[in-house]
$ cat target_8.cif   # mmCIF, N, CA and C atoms
data_start
#
loop_
_atom_site.label_atom_id
_atom_site.label_comp_id
_atom_site.auth_asym_id
_atom_site.auth_seq_id
_atom_site.Cartn_x
_atom_site.Cartn_y
_atom_site.Cartn_z
N MET A 1 53.91 -30.81 -30.35
CA MET A 1 54.48 -31.58 -31.42
C MET A 1 54.51 -30.72 -32.68
N SER A 2 55.68 -30.55 -33.29
CA SER A 2 55.83 -29.75 -34.49
C SER A 2 56.26 -30.63 -35.65
N HIS A 3 55.80 -30.23 -36.84
CA HIS A 3 56.25 -30.90 -38.05
C HIS A 3 56.12 -29.94 -39.22
N LEU A 4 56.85 -30.23 -40.28
CA LEU A 4 56.83 -29.42 -41.47
C LEU A 4 55.65 -29.85 -42.33
N GLU A 5 54.82 -28.89 -42.71
CA GLU A 5 53.65 -29.16 -43.53
C GLU A 5 53.91 -28.64 -44.95
N ILE A 6 53.83 -29.55 -45.92
CA ILE A 6 53.91 -29.16 -47.33
C ILE A 6 52.64 -29.69 -47.98
N GLU A 7 51.81 -28.77 -48.44
CA GLU A 7 50.53 -29.18 -49.02
C GLU A 7 50.21 -28.35 -50.25
N TYR A 8 49.36 -28.92 -51.08
CA TYR A 8 48.87 -28.25 -52.28
C TYR A 8 47.37 -28.35 -52.27
N LYS A 9 46.70 -27.25 -52.62
CA LYS A 9 45.25 -27.21 -52.59
C LYS A 9 44.72 -26.68 -53.92
N ALA A 10 43.53 -27.16 -54.27
CA ALA A 10 42.86 -26.67 -55.47
C ALA A 10 41.36 -26.69 -55.22
N LEU A 11 40.70 -25.61 -55.59
CA LEU A 11 39.23 -25.59 -55.53
C LEU A 11 38.68 -26.46 -56.65
N LEU A 12 37.58 -27.12 -56.38
CA LEU A 12 36.93 -28.00 -57.34
C LEU A 12 35.50 -27.58 -57.56
N THR A 13 34.97 -27.93 -58.72
CA THR A 13 33.53 -27.82 -58.90
C THR A 13 32.88 -28.99 -58.17
N GLN A 14 31.57 -28.92 -57.97
CA GLN A 14 30.89 -30.03 -57.30
C GLN A 14 31.01 -31.30 -58.15
N GLN A 15 30.95 -31.18 -59.47
CA GLN A 15 31.07 -32.35 -60.34
C GLN A 15 32.47 -32.97 -60.24
N GLN A 16 33.52 -32.13 -60.24
CA GLN A 16 34.88 -32.65 -60.07
C GLN A 16 35.03 -33.36 -58.73
N PHE A 17 34.47 -32.74 -57.68
CA PHE A 17 34.50 -33.35 -56.35
C PHE A 17 33.84 -34.71 -56.37
N ASN A 18 32.64 -34.80 -56.95
CA ASN A 18 31.91 -36.07 -57.00
C ASN A 18 32.69 -37.12 -57.80
N ASP A 19 33.28 -36.72 -58.93
CA ASP A 19 34.05 -37.66 -59.75
C ASP A 19 35.25 -38.20 -58.97
N LEU A 20 35.99 -37.31 -58.31
CA LEU A 20 37.16 -37.76 -57.53
C LEU A 20 36.73 -38.60 -56.33
N ASN A 21 35.64 -38.23 -55.70
CA ASN A 21 35.15 -38.98 -54.55
C ASN A 21 34.75 -40.39 -54.97
N ASN A 22 34.19 -40.53 -56.16
CA ASN A 22 33.86 -41.87 -56.67
C ASN A 22 35.13 -42.66 -56.98
N TYR A 23 36.16 -41.97 -57.47
CA TYR A 23 37.43 -42.63 -57.78
C TYR A 23 38.12 -43.12 -56.50
N PHE A 24 38.16 -42.27 -55.48
CA PHE A 24 38.77 -42.63 -54.19
C PHE A 24 37.70 -43.18 -53.26
N ASN A 25 37.03 -44.23 -53.69
CA ASN A 25 35.87 -44.75 -52.95
C ASN A 25 36.25 -45.53 -51.69
N HIS A 26 37.52 -45.67 -51.40
CA HIS A 26 37.97 -46.37 -50.19
C HIS A 26 38.42 -45.39 -49.10
N SER A 27 38.01 -44.15 -49.22
CA SER A 27 38.45 -43.13 -48.27
C SER A 27 37.72 -43.24 -46.93
N GLN A 28 38.35 -42.66 -45.92
CA GLN A 28 37.75 -42.54 -44.59
C GLN A 28 37.04 -41.19 -44.52
N THR A 29 35.82 -41.16 -44.01
CA THR A 29 35.07 -39.91 -43.90
C THR A 29 35.19 -39.36 -42.49
N ILE A 30 35.57 -38.08 -42.40
CA ILE A 30 35.77 -37.41 -41.12
C ILE A 30 34.93 -36.13 -41.12
N HIS A 31 34.16 -35.94 -40.07
CA HIS A 31 33.41 -34.69 -39.88
C HIS A 31 34.20 -33.83 -38.89
N GLN A 32 34.52 -32.62 -39.30
CA GLN A 32 35.33 -31.76 -38.43
C GLN A 32 34.83 -30.33 -38.51
N ILE A 33 35.12 -29.59 -37.45
CA ILE A 33 34.86 -28.15 -37.42
C ILE A 33 36.18 -27.47 -37.10
N ASN A 34 36.56 -26.51 -37.93
CA ASN A 34 37.75 -25.71 -37.68
C ASN A 34 37.31 -24.34 -37.20
N HIS A 35 37.81 -23.95 -36.04
CA HIS A 35 37.54 -22.64 -35.46
C HIS A 35 38.82 -21.82 -35.64
N TYR A 36 38.73 -20.69 -36.35
CA TYR A 36 39.91 -19.90 -36.69
C TYR A 36 40.03 -18.68 -35.79
N PHE A 37 41.29 -18.31 -35.51
CA PHE A 37 41.62 -17.18 -34.65
C PHE A 37 42.61 -16.27 -35.36
N LEU A 38 42.46 -14.99 -35.12
CA LEU A 38 43.35 -13.97 -35.68
C LEU A 38 44.29 -13.49 -34.58
N TYR A 39 45.59 -13.46 -34.90
CA TYR A 39 46.56 -12.87 -33.96
C TYR A 39 46.46 -11.36 -34.12
N LEU A 40 46.26 -10.64 -33.04
CA LEU A 40 45.90 -9.23 -33.11
C LEU A 40 47.07 -8.29 -33.40
N ASP A 41 48.27 -8.80 -33.54
CA ASP A 41 49.40 -7.98 -33.96
C ASP A 41 49.64 -8.26 -35.44
N PRO A 42 49.26 -7.34 -36.35
CA PRO A 42 49.36 -7.61 -37.79
C PRO A 42 50.79 -7.76 -38.31
N SER A 43 51.77 -7.39 -37.52
CA SER A 43 53.16 -7.53 -37.97
C SER A 43 53.67 -8.96 -37.82
N VAL A 44 52.90 -9.81 -37.12
CA VAL A 44 53.31 -11.20 -36.88
C VAL A 44 52.48 -12.10 -37.80
N HIS A 45 53.17 -12.95 -38.55
CA HIS A 45 52.50 -13.85 -39.48
C HIS A 45 52.42 -15.25 -38.88
N ILE A 46 51.28 -15.51 -38.24
CA ILE A 46 51.02 -16.81 -37.64
C ILE A 46 49.53 -17.07 -37.79
N SER A 47 49.18 -18.29 -38.10
CA SER A 47 47.76 -18.64 -38.14
C SER A 47 47.46 -19.60 -37.00
N CYS A 48 46.22 -19.61 -36.59
CA CYS A 48 45.81 -20.39 -35.43
C CYS A 48 44.41 -20.94 -35.65
N ARG A 49 44.24 -22.21 -35.33
CA ARG A 49 42.91 -22.81 -35.41
C ARG A 49 42.77 -23.87 -34.32
N ILE A 50 41.53 -24.16 -34.00
CA ILE A 50 41.20 -25.30 -33.16
C ILE A 50 40.35 -26.22 -34.03
N ARG A 51 40.82 -27.45 -34.20
CA ARG A 51 40.07 -28.44 -34.98
C ARG A 51 39.35 -29.36 -34.02
N GLN A 52 38.06 -29.46 -34.24
CA GLN A 52 37.21 -30.33 -33.42
C GLN A 52 36.79 -31.53 -34.25
N ILE A 53 37.17 -32.72 -33.78
CA ILE A 53 36.71 -33.98 -34.36
C ILE A 53 36.11 -34.76 -33.21
N ASP A 54 34.81 -35.01 -33.30
CA ASP A 54 34.06 -35.62 -32.20
C ASP A 54 34.24 -34.73 -30.97
N SER A 55 34.73 -35.28 -29.86
CA SER A 55 34.90 -34.47 -28.65
C SER A 55 36.36 -34.12 -28.40
N THR A 56 37.21 -34.28 -29.43
CA THR A 56 38.63 -33.95 -29.30
C THR A 56 38.92 -32.61 -29.97
N PHE A 57 39.65 -31.75 -29.26
CA PHE A 57 40.01 -30.43 -29.76
C PHE A 57 41.53 -30.34 -29.85
N THR A 58 42.02 -29.96 -31.04
CA THR A 58 43.45 -29.81 -31.27
C THR A 58 43.74 -28.37 -31.67
N LEU A 59 44.60 -27.72 -30.91
CA LEU A 59 45.03 -26.35 -31.19
C LEU A 59 46.25 -26.43 -32.11
N THR A 60 46.23 -25.67 -33.21
CA THR A 60 47.33 -25.69 -34.18
C THR A 60 47.77 -24.28 -34.50
N PHE A 61 49.08 -24.07 -34.47
CA PHE A 61 49.70 -22.84 -34.93
C PHE A 61 50.48 -23.16 -36.19
N LYS A 62 50.39 -22.29 -37.20
CA LYS A 62 51.16 -22.46 -38.43
C LYS A 62 51.99 -21.21 -38.66
N GLN A 63 53.30 -21.45 -38.89
CA GLN A 63 54.23 -20.36 -39.12
C GLN A 63 54.96 -20.61 -40.44
N ASP A 64 55.25 -19.52 -41.16
CA ASP A 64 56.01 -19.65 -42.40
C ASP A 64 57.34 -20.30 -42.13
N TYR A 65 57.77 -21.12 -43.09
CA TYR A 65 59.05 -21.81 -43.00
C TYR A 65 59.71 -21.72 -44.37
N THR A 66 60.95 -22.12 -44.48
CA THR A 66 61.67 -22.03 -45.75
C THR A 66 60.87 -22.66 -46.87
N VAL A 67 60.39 -23.88 -46.65
CA VAL A 67 59.50 -24.55 -47.59
C VAL A 67 58.30 -25.00 -46.78
N GLY A 68 57.11 -24.58 -47.16
CA GLY A 68 55.91 -24.98 -46.45
C GLY A 68 55.69 -24.19 -45.18
N LYS A 69 55.04 -24.81 -44.23
CA LYS A 69 54.71 -24.20 -42.95
C LYS A 69 55.18 -25.10 -41.82
N LEU A 70 55.61 -24.47 -40.74
CA LEU A 70 55.92 -25.22 -39.53
C LEU A 70 54.63 -25.26 -38.72
N GLU A 71 54.14 -26.48 -38.49
CA GLU A 71 52.86 -26.67 -37.82
C GLU A 71 53.13 -27.25 -36.43
N THR A 72 52.56 -26.58 -35.41
CA THR A 72 52.71 -27.04 -34.03
C THR A 72 51.33 -27.34 -33.48
N ASN A 73 51.14 -28.55 -32.98
CA ASN A 73 49.84 -29.02 -32.51
C ASN A 73 49.84 -29.29 -31.01
N PHE A 74 48.72 -28.97 -30.40
CA PHE A 74 48.48 -29.27 -28.98
C PHE A 74 47.15 -30.02 -28.91
N ILE A 75 47.24 -31.28 -28.54
CA ILE A 75 46.08 -32.18 -28.58
C ILE A 75 45.34 -32.14 -27.25
N ASP A 76 44.03 -32.37 -27.33
CA ASP A 76 43.16 -32.44 -26.16
C ASP A 76 43.18 -31.16 -25.33
N ILE A 77 43.02 -30.04 -26.01
CA ILE A 77 42.98 -28.77 -25.28
C ILE A 77 41.56 -28.49 -24.80
N ASP A 78 41.41 -27.59 -23.88
CA ASP A 78 40.12 -27.14 -23.38
C ASP A 78 39.65 -26.03 -24.32
N PHE A 79 38.58 -26.29 -25.07
CA PHE A 79 38.11 -25.33 -26.07
C PHE A 79 37.76 -23.98 -25.47
N THR A 80 37.31 -23.97 -24.23
CA THR A 80 36.88 -22.71 -23.62
C THR A 80 38.06 -21.83 -23.20
N GLN A 81 39.24 -22.44 -22.99
CA GLN A 81 40.43 -21.70 -22.59
C GLN A 81 41.67 -22.31 -23.25
N PRO A 82 41.76 -22.20 -24.58
CA PRO A 82 42.81 -22.93 -25.29
C PRO A 82 44.23 -22.42 -25.10
N PHE A 83 44.38 -21.16 -24.70
CA PHE A 83 45.71 -20.56 -24.68
C PHE A 83 46.37 -20.54 -23.30
N ILE A 84 45.72 -21.13 -22.29
CA ILE A 84 46.28 -21.03 -20.94
C ILE A 84 47.05 -22.27 -20.50
N ARG A 85 46.94 -23.35 -21.27
CA ARG A 85 47.64 -24.57 -20.89
C ARG A 85 49.15 -24.32 -20.87
N GLN A 86 49.86 -24.97 -19.96
CA GLN A 86 51.28 -24.69 -19.72
C GLN A 86 52.13 -24.87 -20.98
N ASP A 87 51.92 -25.96 -21.74
CA ASP A 87 52.74 -26.17 -22.94
C ASP A 87 52.41 -25.16 -24.04
N VAL A 88 51.17 -24.70 -24.10
CA VAL A 88 50.80 -23.65 -25.06
C VAL A 88 51.47 -22.34 -24.66
N GLN A 89 51.42 -22.02 -23.36
CA GLN A 89 52.09 -20.81 -22.87
C GLN A 89 53.59 -20.85 -23.16
N ALA A 90 54.22 -22.01 -23.00
CA ALA A 90 55.65 -22.15 -23.29
C ALA A 90 55.93 -21.89 -24.77
N PHE A 91 55.07 -22.43 -25.66
CA PHE A 91 55.23 -22.19 -27.10
C PHE A 91 55.11 -20.70 -27.41
N LEU A 92 54.10 -20.06 -26.84
CA LEU A 92 53.91 -18.63 -27.09
C LEU A 92 55.12 -17.83 -26.63
N LYS A 93 55.63 -18.16 -25.44
CA LYS A 93 56.80 -17.45 -24.90
C LYS A 93 58.03 -17.68 -25.78
N GLU A 94 58.27 -18.94 -26.20
CA GLU A 94 59.42 -19.26 -27.06
C GLU A 94 59.39 -18.49 -28.38
N ASN A 95 58.19 -18.17 -28.84
CA ASN A 95 58.02 -17.48 -30.12
C ASN A 95 57.70 -16.00 -29.96
N SER A 96 57.91 -15.49 -28.74
CA SER A 96 57.67 -14.07 -28.43
C SER A 96 56.26 -13.62 -28.81
N LEU A 97 55.28 -14.46 -28.47
CA LEU A 97 53.88 -14.18 -28.77
C LEU A 97 53.10 -13.99 -27.48
N ASN A 98 52.09 -13.15 -27.55
CA ASN A 98 51.13 -13.02 -26.46
C ASN A 98 49.94 -13.90 -26.79
N ASN A 99 49.07 -14.10 -25.85
CA ASN A 99 47.87 -14.88 -26.16
C ASN A 99 46.73 -13.93 -26.56
N ILE A 100 47.00 -13.05 -27.53
CA ILE A 100 46.01 -12.08 -27.99
C ILE A 100 45.44 -12.55 -29.34
N PHE A 101 44.67 -13.62 -29.27
CA PHE A 101 44.01 -14.19 -30.43
C PHE A 101 42.51 -13.93 -30.31
N ALA A 102 41.90 -13.54 -31.42
CA ALA A 102 40.46 -13.28 -31.44
C ALA A 102 39.79 -14.26 -32.39
N PRO A 103 38.66 -14.84 -31.99
CA PRO A 103 37.96 -15.76 -32.90
C PRO A 103 37.43 -15.00 -34.12
N ILE A 104 37.57 -15.63 -35.30
CA ILE A 104 37.11 -14.97 -36.52
C ILE A 104 36.10 -15.79 -37.31
N GLY A 105 35.88 -17.03 -36.94
CA GLY A 105 34.87 -17.82 -37.64
C GLY A 105 35.16 -19.30 -37.60
N SER A 106 34.18 -20.04 -38.08
CA SER A 106 34.28 -21.50 -38.07
C SER A 106 33.93 -22.05 -39.45
N LEU A 107 34.49 -23.19 -39.75
CA LEU A 107 34.31 -23.87 -41.02
C LEU A 107 34.00 -25.33 -40.72
N THR A 108 32.88 -25.82 -41.24
CA THR A 108 32.52 -27.21 -41.06
C THR A 108 32.92 -27.97 -42.33
N THR A 109 33.60 -29.10 -42.14
CA THR A 109 34.11 -29.86 -43.27
C THR A 109 33.72 -31.32 -43.16
N ILE A 110 33.28 -31.88 -44.28
CA ILE A 110 33.18 -33.32 -44.43
C ILE A 110 34.38 -33.70 -45.28
N ARG A 111 35.32 -34.39 -44.67
CA ARG A 111 36.61 -34.72 -45.31
C ARG A 111 36.62 -36.20 -45.68
N HIS A 112 37.01 -36.46 -46.91
CA HIS A 112 37.21 -37.83 -47.39
C HIS A 112 38.72 -38.01 -47.54
N LEU A 113 39.30 -38.80 -46.64
CA LEU A 113 40.75 -38.93 -46.51
C LEU A 113 41.21 -40.27 -47.08
N THR A 114 42.21 -40.17 -47.98
CA THR A 114 42.84 -41.36 -48.55
C THR A 114 44.33 -41.25 -48.30
N LEU A 115 44.93 -42.30 -47.75
CA LEU A 115 46.37 -42.34 -47.51
C LEU A 115 47.03 -43.08 -48.67
N GLU A 116 48.00 -42.43 -49.28
CA GLU A 116 48.79 -43.01 -50.35
C GLU A 116 50.25 -42.98 -49.92
N ASP A 117 51.14 -43.49 -50.76
CA ASP A 117 52.57 -43.46 -50.44
C ASP A 117 53.02 -42.03 -50.20
N HIS A 118 53.43 -41.72 -49.00
CA HIS A 118 54.03 -40.44 -48.62
C HIS A 118 53.10 -39.23 -48.75
N CYS A 119 51.78 -39.46 -48.86
CA CYS A 119 50.88 -38.30 -48.90
C CYS A 119 49.47 -38.67 -48.46
N GLU A 120 48.77 -37.63 -48.02
CA GLU A 120 47.35 -37.72 -47.74
C GLU A 120 46.62 -37.00 -48.86
N ILE A 121 45.56 -37.62 -49.34
CA ILE A 121 44.70 -36.98 -50.32
C ILE A 121 43.37 -36.72 -49.63
N CYS A 122 42.99 -35.45 -49.58
CA CYS A 122 41.75 -35.07 -48.90
C CYS A 122 40.81 -34.42 -49.91
N LEU A 123 39.60 -34.91 -49.94
CA LEU A 123 38.53 -34.26 -50.68
C LEU A 123 37.61 -33.66 -49.64
N ASP A 124 37.50 -32.34 -49.66
CA ASP A 124 36.76 -31.62 -48.62
C ASP A 124 35.52 -30.95 -49.19
N GLU A 125 34.42 -31.12 -48.48
CA GLU A 125 33.22 -30.31 -48.72
C GLU A 125 33.13 -29.37 -47.53
N ASN A 126 33.35 -28.07 -47.79
CA ASN A 126 33.42 -27.06 -46.74
C ASN A 126 32.14 -26.23 -46.72
N ASN A 127 31.69 -25.91 -45.50
CA ASN A 127 30.49 -25.09 -45.32
C ASN A 127 30.78 -23.99 -44.30
N TYR A 128 30.53 -22.73 -44.72
CA TYR A 128 30.76 -21.58 -43.86
C TYR A 128 29.89 -20.44 -44.34
N CYS A 129 29.30 -19.72 -43.41
CA CYS A 129 28.47 -18.55 -43.70
C CYS A 129 27.44 -18.83 -44.79
N GLY A 130 26.86 -20.02 -44.81
CA GLY A 130 25.86 -20.36 -45.80
C GLY A 130 26.43 -20.68 -47.18
N ILE A 131 27.74 -20.80 -47.28
CA ILE A 131 28.41 -21.08 -48.56
C ILE A 131 29.01 -22.48 -48.49
N SER A 132 28.97 -23.21 -49.60
CA SER A 132 29.65 -24.50 -49.71
C SER A 132 30.68 -24.41 -50.81
N ASP A 133 31.84 -25.02 -50.58
CA ASP A 133 32.83 -25.17 -51.64
C ASP A 133 33.47 -26.53 -51.53
N TYR A 134 34.23 -26.87 -52.56
CA TYR A 134 34.84 -28.19 -52.66
C TYR A 134 36.32 -28.00 -52.95
N GLU A 135 37.14 -28.88 -52.33
CA GLU A 135 38.58 -28.67 -52.40
C GLU A 135 39.29 -30.02 -52.44
N LEU A 136 40.38 -30.03 -53.20
CA LEU A 136 41.31 -31.15 -53.19
C LEU A 136 42.55 -30.67 -52.47
N GLU A 137 43.02 -31.45 -51.50
CA GLU A 137 44.24 -31.12 -50.76
C GLU A 137 45.15 -32.35 -50.78
N VAL A 138 46.40 -32.14 -51.17
CA VAL A 138 47.39 -33.21 -51.15
C VAL A 138 48.49 -32.73 -50.22
N GLU A 139 48.79 -33.53 -49.18
CA GLU A 139 49.77 -33.14 -48.18
C GLU A 139 50.80 -34.25 -48.01
N SER A 140 52.07 -33.87 -47.97
CA SER A 140 53.13 -34.85 -47.74
C SER A 140 53.08 -35.32 -46.30
N ILE A 141 53.42 -36.60 -46.10
CA ILE A 141 53.46 -37.15 -44.73
C ILE A 141 54.76 -37.90 -44.54
#
$ encode --input "target_8.cif" --output "structure tokens"
Amino acid sequence: MSHLEIEYKALLTQQQFNDLNNYFNHSQTIHQINHYFLYLDPSVHISCRIRQIDSTFTLTFKQDYTVGKLETNFIDIDFTQPFIRQDVQAFLKENSLNNIFAPIGSLTTIRHLTLEDHCEICLDENNYCGISDYELEVESI
């Protein structure tokens, strides 16, 4: 499943995060882990991640587009072998890609999600390599 992703992000201080989180007090809280992969051909601009929410794993490829990114998702993939599924292989072939992706790290996020007219507002507390940061993300839907 592909769709056009248009999003805006801004880093926040912890105080800004707390203030906004209090303002959007009707948000849904989601705990997720994003596992990122690097495509080993540097001439190709594609990003790849596997998002884990509970026991569900979603493989996502993001490619530059005229405006925003073209995002292609594969739901319920096998985390141990994400690139061998038939529909993933078809996507790679259609885009002249090999399955030469190397894991580069993981990011744990506590996401506070609020749905508004035509957009998602996400307040994220991200943790990686012993570092925490805070982010506001607004994405069109």
$ resolve_selection --input "target_8.cif" --expression "the PyMOL selection byres ((chain A and resi 118) around 6)" --output "list in words"
Glu116, Asp117, Cys119, Glu120, Glu139, Ser140 and Ile141 of chain A
$ atom_distance --input "target_8.cif" --atom1 "CA of Asp133 (chain A)" --atom2 "CA of Asn18 (chain A)"
12.2 Å
$ resolve_selection --input "target_8.cif" --expression "the PyMOL selection byres ((chain A and resi 53-65) around 6.5)" --output "ChimeraX atom specification"
/A:31-33,45-52,66-77,79
$ write_last_selection --input "target_8.cif" --atoms "N, CA and C atoms" --output "short mmCIF file (atom, residue, chain, number, x, y, z; two decimals), in the frame of the given file"
data_model
loop_
_atom_site.label_atom_id
_atom_site.label_comp_id
_atom_site.auth_asym_id
_atom_site.auth_seq_id
_atom_site.Cartn_x
_atom_site.Cartn_y
_atom_site.Cartn_z
N HIS A 31 34.16 -35.94 -40.07
CA HIS A 31 33.41 -34.69 -39.88
C HIS A 31 34.20 -33.83 -38.89
N GLN A 32 34.52 -32.62 -39.30
CA GLN A 32 35.33 -31.76 -38.43
C GLN A 32 34.83 -30.33 -38.51
N ILE A 33 35.12 -29.59 -37.45
CA ILE A 33 34.86 -28.15 -37.42
C ILE A 33 36.18 -27.47 -37.10
N HIS A 45 53.17 -12.95 -38.55
CA HIS A 45 52.50 -13.85 -39.48
C HIS A 45 52.42 -15.25 -38.88
N ILE A 46 51.28 -15.51 -38.24
CA ILE A 46 51.02 -16.81 -37.64
C ILE A 46 49.53 -17.07 -37.79
N SER A 47 49.18 -18.29 -38.10
CA SER A 47 47.76 -18.64 -38.14
C SER A 47 47.46 -19.60 -37.00
N CYS A 48 46.22 -19.61 -36.59
CA CYS A 48 45.81 -20.39 -35.43
C CYS A 48 44.41 -20.94 -35.65
N ARG A 49 44.24 -22.21 -35.33
CA ARG A 49 42.91 -22.81 -35.41
C ARG A 49 42.77 -23.87 -34.32
N ILE A 50 41.53 -24.16 -34.00
CA ILE A 50 41.20 -25.30 -33.16
C ILE A 50 40.35 -26.22 -34.03
N ARG A 51 40.82 -27.45 -34.20
CA ARG A 51 40.07 -28.44 -34.98
C ARG A 51 39.35 -29.36 -34.02
N GLN A 52 38.06 -29.46 -34.24
CA GLN A 52 37.21 -30.33 -33.42
C GLN A 52 36.79 -31.53 -34.25
N THR A 66 60.95 -22.12 -44.48
CA THR A 66 61.67 -22.03 -45.75
C THR A 66 60.87 -22.66 -46.87
N VAL A 67 60.39 -23.88 -46.65
CA VAL A 67 59.50 -24.55 -47.59
C VAL A 67 58.30 -25.00 -46.78
N GLY A 68 57.11 -24.58 -47.16
CA GLY A 68 55.91 -24.98 -46.45
C GLY A 68 55.69 -24.19 -45.18
N LYS A 69 55.04 -24.81 -44.23
CA LYS A 69 54.71 -24.20 -42.95
C LYS A 69 55.18 -25.10 -41.82
N LEU A 70 55.61 -24.47 -40.74
CA LEU A 70 55.92 -25.22 -39.53
C LEU A 70 54.63 -25.26 -38.72
N GLU A 71 54.14 -26.48 -38.49
CA GLU A 71 52.86 -26.67 -37.82
C GLU A 71 53.13 -27.25 -36.43
N THR A 72 52.56 -26.58 -35.41
CA THR A 72 52.71 -27.04 -34.03
C THR A 72 51.33 -27.34 -33.48
N ASN A 73 51.14 -28.55 -32.98
CA ASN A 73 49.84 -29.02 -32.51
C ASN A 73 49.84 -29.29 -31.01
N PHE A 74 48.72 -28.97 -30.40
CA PHE A 74 48.48 -29.27 -28.98
C PHE A 74 47.15 -30.02 -28.91
N ILE A 75 47.24 -31.28 -28.54
CA ILE A 75 46.08 -32.18 -28.58
C ILE A 75 45.34 -32.14 -27.25
N ASP A 76 44.03 -32.37 -27.33
CA ASP A 76 43.16 -32.44 -26.16
C ASP A 76 43.18 -31.16 -25.33
N ILE A 77 43.02 -30.04 -26.01
CA ILE A 77 42.98 -28.77 -25.28
C ILE A 77 41.56 -28.49 -24.80
N PHE A 79 38.58 -26.29 -25.07
CA PHE A 79 38.11 -25.33 -26.07
C PHE A 79 37.76 -23.98 -25.47
#
$ resolve_selection --input "target_8.cif" --expression "the PyMOL selection byres ((chain A and resi 100) around 6)" --output "list in words"
Leu38, Tyr39, Leu40, Asn98, Asn99, Phe101 and Ala102 of chain A
$ atom_distance --input "target_8.cif" --atom1 "CA of Leu115 (chain A)" --atom2 "CA of Phe24 (chain A)"
10.1 Å
$ closest_residue --input "target_8.cif" --among "A:Val138, A:Thr108, A:Cys129, A:Leu97" --to "Glu7 (chain A)" --atoms "all atoms listed in the file"
A:Val138
$ closest_residue --input "target_8.cif" --among "A:Ile104, A:Leu12, A:Ile6, A:Cys122" --to "Ser27 (chain A)" --atoms "only C-alpha atoms"
A:Cys122
$ atom_distance --input "target_8.cif" --atom1 "atom N of Asp19 (chain A)" --atom2 "atom C of Asn34 (chain A)"
25.3 Å
$ select_by_dssp --input "target_8.cif" --residues "region 3-132 of chain A" --states "alpha helix (DSSP H)" --output "JSON list (two decimals) with N, CA and C atoms, keeping the file's coordinate frame"
[["chain", "number", "residue", "atom", "x", "y", "z"],
["A", 14, "GLN", "N", 31.57, -28.92, -57.97],
["A", 14, "GLN", "CA", 30.89, -30.03, -57.30],
["A", 14, "GLN", "C", 31.01, -31.30, -58.15],
["A", 15, "GLN", "N", 30.95, -31.18, -59.47],
["A", 15, "GLN", "CA", 31.07, -32.35, -60.34],
["A", 15, "GLN", "C", 32.47, -32.97, -60.24],
["A", 16, "GLN", "N", 33.52, -32.13, -60.24],
["A", 16, "GLN", "CA", 34.88, -32.65, -60.07],
["A", 16, "GLN", "C", 35.03, -33.36, -58.73],
["A", 17, "PHE", "N", 34.47, -32.74, -57.68],
["A", 17, "PHE", "CA", 34.50, -33.35, -56.35],
["A", 17, "PHE", "C", 33.84, -34.71, -56.37],
["A", 18, "ASN", "N", 32.64, -34.80, -56.95],
["A", 18, "ASN", "CA", 31.91, -36.07, -57.00],
["A", 18, "ASN", "C", 32.69, -37.12, -57.80],
["A", 19, "ASP", "N", 33.28, -36.72, -58.93],
["A", 19, "ASP", "CA", 34.05, -37.66, -59.75],
["A", 19, "ASP", "C", 35.25, -38.20, -58.97],
["A", 20, "LEU", "N", 35.99, -37.31, -58.31],
["A", 20, "LEU", "CA", 37.16, -37.76, -57.53],
["A", 20, "LEU", "C", 36.73, -38.60, -56.33],
["A", 21, "ASN", "N", 35.64, -38.23, -55.70],
["A", 21, "ASN", "CA", 35.15, -38.98, -54.55],
["A", 21, "ASN", "C", 34.75, -40.39, -54.97],
["A", 22, "ASN", "N", 34.19, -40.53, -56.16],
["A", 22, "ASN", "CA", 33.86, -41.87, -56.67],
["A", 22, "ASN", "C", 35.13, -42.66, -56.98],
["A", 23, "TYR", "N", 36.16, -41.97, -57.47],
["A", 23, "TYR", "CA", 37.43, -42.63, -57.78],
["A", 23, "TYR", "C", 38.12, -43.12, -56.50],
["A", 86, "GLN", "N", 49.86, -24.97, -19.96],
["A", 86, "GLN", "CA", 51.28, -24.69, -19.72],
["A", 86, "GLN", "C", 52.13, -24.87, -20.98],
["A", 87, "ASP", "N", 51.92, -25.96, -21.74],
["A", 87, "ASP", "CA", 52.74, -26.17, -22.94],
["A", 87, "ASP", "C", 52.41, -25.16, -24.04],
["A", 88, "VAL", "N", 51.17, -24.70, -24.10],
["A", 88, "VAL", "CA", 50.80, -23.65, -25.06],
["A", 88, "VAL", "C", 51.47, -22.34, -24.66],
["A", 89, "GLN", "N", 51.42, -22.02, -23.36],
["A", 89, "GLN", "CA", 52.09, -20.81, -22.87],
["A", 89, "GLN", "C", 53.59, -20.85, -23.16],
["A", 90, "ALA", "N", 54.22, -22.01, -23.00],
["A", 90, "ALA", "CA", 55.65, -22.15, -23.29],
["A", 90, "ALA", "C", 55.93, -21.89, -24.77],
["A", 91, "PHE", "N", 55.07, -22.43, -25.66],
["A", 91, "PHE", "CA", 55.23, -22.19, -27.10],
["A", 91, "PHE", "C", 55.11, -20.70, -27.41],
["A", 92, "LEU", "N", 54.10, -20.06, -26.84],
["A", 92, "LEU", "CA", 53.91, -18.63, -27.09],
["A", 92, "LEU", "C", 55.12, -17.83, -26.63],
["A", 93, "LYS", "N", 55.63, -18.16, -25.44],
["A", 93, "LYS", "CA", 56.80, -17.45, -24.90],
["A", 93, "LYS", "C", 58.03, -17.68, -25.78],
["A", 94, "GLU", "N", 58.27, -18.94, -26.20],
["A", 94, "GLU", "CA", 59.42, -19.26, -27.06],
["A", 94, "GLU", "C", 59.39, -18.49, -28.38]]
$ axis_aligned_box --input "target_8.cif" --around "region 66-84 of chain A" --padding-each-side "5 Å" --output "lines of an AutoDock Vina configuration file"
center_x = 49.3
center_y = -26.5
center_z = -34.0
size_x = 34.8
size_y = 21.9
size_z = 37.1
$ closest_residue --input "target_8.cif" --among "A:Leu113, A:Ile121, A:Asp41, A:Leu136" --to "His26 (chain A)" --atoms "only N, CA and C atoms"
A:Leu113
